[in-house]
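Here's the structure, in structure tokens; my notes come after.
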Amino acid sequence: MIDNYILENVNNFDINEVLTCGQCFNFTEIGSNEYIVTAMGSVLRIKQEGSSLVFYDTNEDEFNKKWNLYFDLERDYEIIKDSIVKADPRLEDIIEKHPGIRILNQDFFETLISFIISQNKQIPQIKQVVRNLSEMYGTPVSKGEMPGAHLFPTQEELLRATDEGIRSCKAGFRAPYILDAVDKVSTGAVVEQDLKKMPTDEARKSLMQIKGVGEKVANCVLLFGLGRRETFPVDVWMKRIMEHMYFHKDTPKDEIEAFAGNLFGENAGYAQQYLFMYAREAGVAR
DNA sequence: GACCAGGGTAACT
DNA sequence: AGTTACCATGGT
């Protein structure tokens with residue numbers, strides 16, 4: 001029986017905001033401030049109690065090797081918030097709506113496939129397809145007394161997938177896109193280690209070779225799966241909130257993206273996440 | 001039944 | 001280079 005690992009005095013962290021802000025999809029809420037998270041090649045039961053985080057059945061070594069990085073716990077979010085507010089003071093109130101958001105450090109391949117699935121889908125549906133894929137092709141994992149969970153499938157596991165199989169996971173027209181991504185990654189046309197060395201613009205171009213990966217999906221992969229925190233994905237909600245705040249008219253997504261890059265610089269990705277949550281909850285109209 | 005969802009592609013002007 | 005129909009699926 002392994003002990004629980006408890007991390008105290010955690011600032012700028014809210015487990016609900018972190019998991020439900022639309023950056024990751026392979027998790028389940030099992031109680032108040034308590035979740036089962038599948039990531040980093042393992043499954044985790046985590047609960048937040050005030051400023052403390054309880055990592056169930058987790059020793060210090062596992063925390064240091066996996067969860068400290070995954071949850072981005074080493075980063076000082078005070079500096080990030082100050083920088084964003086300095087760029088535009090109107091962001092102060094928006095950040096305070098969800099002060100506990102952090103950008104996770106997720107697996108590249110899982111992020112790539114998940115955001116291919118995300119196109120023209122709502123978050124609950126994305127979660128369902130991710131779960132279906134994980135149960136059909138991913139490795140089952142268990143830990144402690146948790147019910148059975150499945151890891152997101154690896155690229156090797158998805159090599160066995162067929163168009164019909166993926167469609168049966170409710171991926172619809174995205175099935176061939178997923179297969180093309182698996183093909184490009186497994187044949188070496190797109191290589192994670194190379195992407196990590198490339199300038200962001202070059203890495204974006206490389207990702208967009210994959211069918212079903214356009215500007216927005218590529219930016220999500222860069223931001224959530226490759227640590228490029230300066231990228232600013234513009235989806236329907238970001239388009240609305242940015243047009244509302246800065247343009248007051250219909251504006252092309254690439255123009256919005258460039259504007260945000262200039263305004264928020266290396267912290268544009270964080271600014272995007274605070275704005276995304278605000279836009280959705282405020283129901284910003286078109 | 002129309003419209004929309006963390007869009008992208010292909011086929012048009 | 002800039003539009004537009006279409007793509008599965010589930011919810012409102």
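The way I read the labels, and the way they are meant: chains A, B, ... in the order of the structure tokens, residue 1 as the first residue of every chain, and ligand 1 as the first ligand shown, with later ones counted on from there.
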Within 12 Å of Glu135 (chain A), counting only C-alpha atoms (C1' of nucleotides), which residues qualify if same-chain residues fewer than 5 places away don't, as a short mmCIF file (atom, residue, chain, number, x, y, z; two decimals) with C-alpha atoms, in the first residue's frame?
data_model
loop_
_atom_site.label_atom_id
_atom_site.label_comp_id
_atom_site.auth_asym_id
_atom_site.auth_seq_id
_atom_site.Cartn_x
_atom_site.Cartn_y
_atom_site.Cartn_z
CA ASN A 26 -9.00 12.23 -20.56
CA GLN A 128 -16.51 10.94 -25.26
CA VAL A 129 -14.54 10.19 -28.43
CA VAL A 130 -11.26 10.28 -26.49
CA PRO A 140 -5.92 -0.63 -19.39
CA VAL A 141 -4.42 0.71 -16.18
CA GLY A 148 -10.62 0.42 -14.60
CA ALA A 149 -9.29 3.22 -16.76
CA HIS A 150 -7.53 3.22 -20.11
CA LEU A 151 -4.55 5.22 -21.24
CA PHE A 152 -4.89 7.20 -24.42
CA PRO A 153 -3.59 4.93 -27.20
CA GLU A 157 -1.45 1.03 -30.70
CA LEU A 158 -3.26 3.21 -33.24
CA GLY A 165 -12.98 1.18 -35.87
CA ILE A 166 -12.28 4.86 -35.39
CA SER A 168 -17.29 3.46 -34.32
CA CYS A 169 -15.73 5.68 -31.64
#
Within 8 Å of chain C: residues of chain A, using only C-alpha atoms (C1' of nucleotides), as JSON, numbers by chain: {"A": [125, 170, 171, 172, 173]}
Check: which chain A residues lie within 7 Å of chain B using only C-alpha atoms (C1' of nucleotides), as number ranges by chain: A: 22, 118-122, 212, 214, 235
Give me a file of those residues, with C-alpha atoms, as a PDB file, in the first residue's frame.
ATOM      1  CA  GLY A  22     -10.693  22.740 -22.519  1.00  0.00           C
ATOM      2  CA  SER A 118     -11.905  18.596 -31.430  1.00  0.00           C
ATOM      3  CA  GLN A 119     -12.715  20.231 -34.745  1.00  0.00           C
ATOM      4  CA  ASN A 120     -16.352  21.258 -34.961  1.00  0.00           C
ATOM      5  CA  LYS A 121     -17.175  19.378 -31.741  1.00  0.00           C
ATOM      6  CA  GLN A 122     -18.179  20.458 -28.256  1.00  0.00           C
ATOM      7  CA  GLY A 212      -7.207  17.662 -40.687  1.00  0.00           C
ATOM      8  CA  GLY A 214      -5.075  23.499 -39.834  1.00  0.00           C
ATOM      9  CA  ASP A 235     -11.447  29.160 -32.148  1.00  0.00           C
TER      10      ASP A 235
END
Near-Ile84 (chain A) list (12 Å; only C-alpha atoms (C1' of nucleotides); drop same-chain fewer than 2 positions) as a PyMOL selection string: chain A and resi 77-82+86-95+230+260-275
Which of region 24-220 of chain A DSSP labels alpha helix (DSSP H), written as a PyMOL selection string: chain A and resi 60-62+68-70+77-87+91-97+108-117+123-137+155-158+163-167+175-186+192-197+200-207+215-220
Using backbone DSSP assignments, extract all strand (DSSP E) residues from region 12-218 of chain A; output them as a JSON list (two decimals) with C-alpha atoms, in the first residue's frame.
[["chain", "number", "residue", "atom", "x", "y", "z"],
["A", 27, "PHE", "CA", -10.32, 12.73, -17.03],
["A", 28, "THR", "CA", -13.38, 11.95, -14.92],
["A", 29, "GLU", "CA", -14.91, 13.86, -12.03],
["A", 30, "ILE", "CA", -15.57, 11.47, -9.14],
["A", 31, "GLY", "CA", -16.41, 13.93, -6.37],
["A", 34, "GLU", "CA", -11.74, 15.17, -6.99],
["A", 35, "TYR", "CA", -10.84, 13.55, -10.32],
["A", 36, "ILE", "CA", -9.38, 10.54, -12.04],
["A", 37, "VAL", "CA", -6.79, 11.80, -14.52],
["A", 38, "THR", "CA", -5.20, 9.64, -17.19],
["A", 39, "ALA", "CA", -1.88, 11.04, -18.40],
["A", 42, "SER", "CA", -0.46, 6.34, -15.82],
["A", 43, "VAL", "CA", -3.68, 7.00, -13.97],
["A", 44, "LEU", "CA", -4.05, 9.38, -11.04],
["A", 45, "ARG", "CA", -6.68, 10.07, -8.44],
["A", 46, "ILE", "CA", -6.27, 13.67, -7.32],
["A", 47, "LYS", "CA", -8.20, 15.87, -4.92],
["A", 48, "GLN", "CA", -7.83, 19.49, -3.98],
["A", 49, "GLU", "CA", -8.53, 20.57, -0.39],
["A", 52, "SER", "CA", -3.47, 21.41, -0.69],
["A", 53, "LEU", "CA", -3.32, 18.78, -3.43],
["A", 54, "VAL", "CA", -3.71, 15.12, -2.53],
["A", 55, "PHE", "CA", -2.14, 12.67, -4.98],
["A", 140, "PRO", "CA", -5.92, -0.63, -19.39],
["A", 141, "VAL", "CA", -4.42, 0.71, -16.18],
["A", 149, "ALA", "CA", -9.29, 3.22, -16.76],
["A", 150, "HIS", "CA", -7.53, 3.22, -20.11]]
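Put simply, CA of Met238 (chain A) is 9.0 Å away from CA of Lys253 (chain A).
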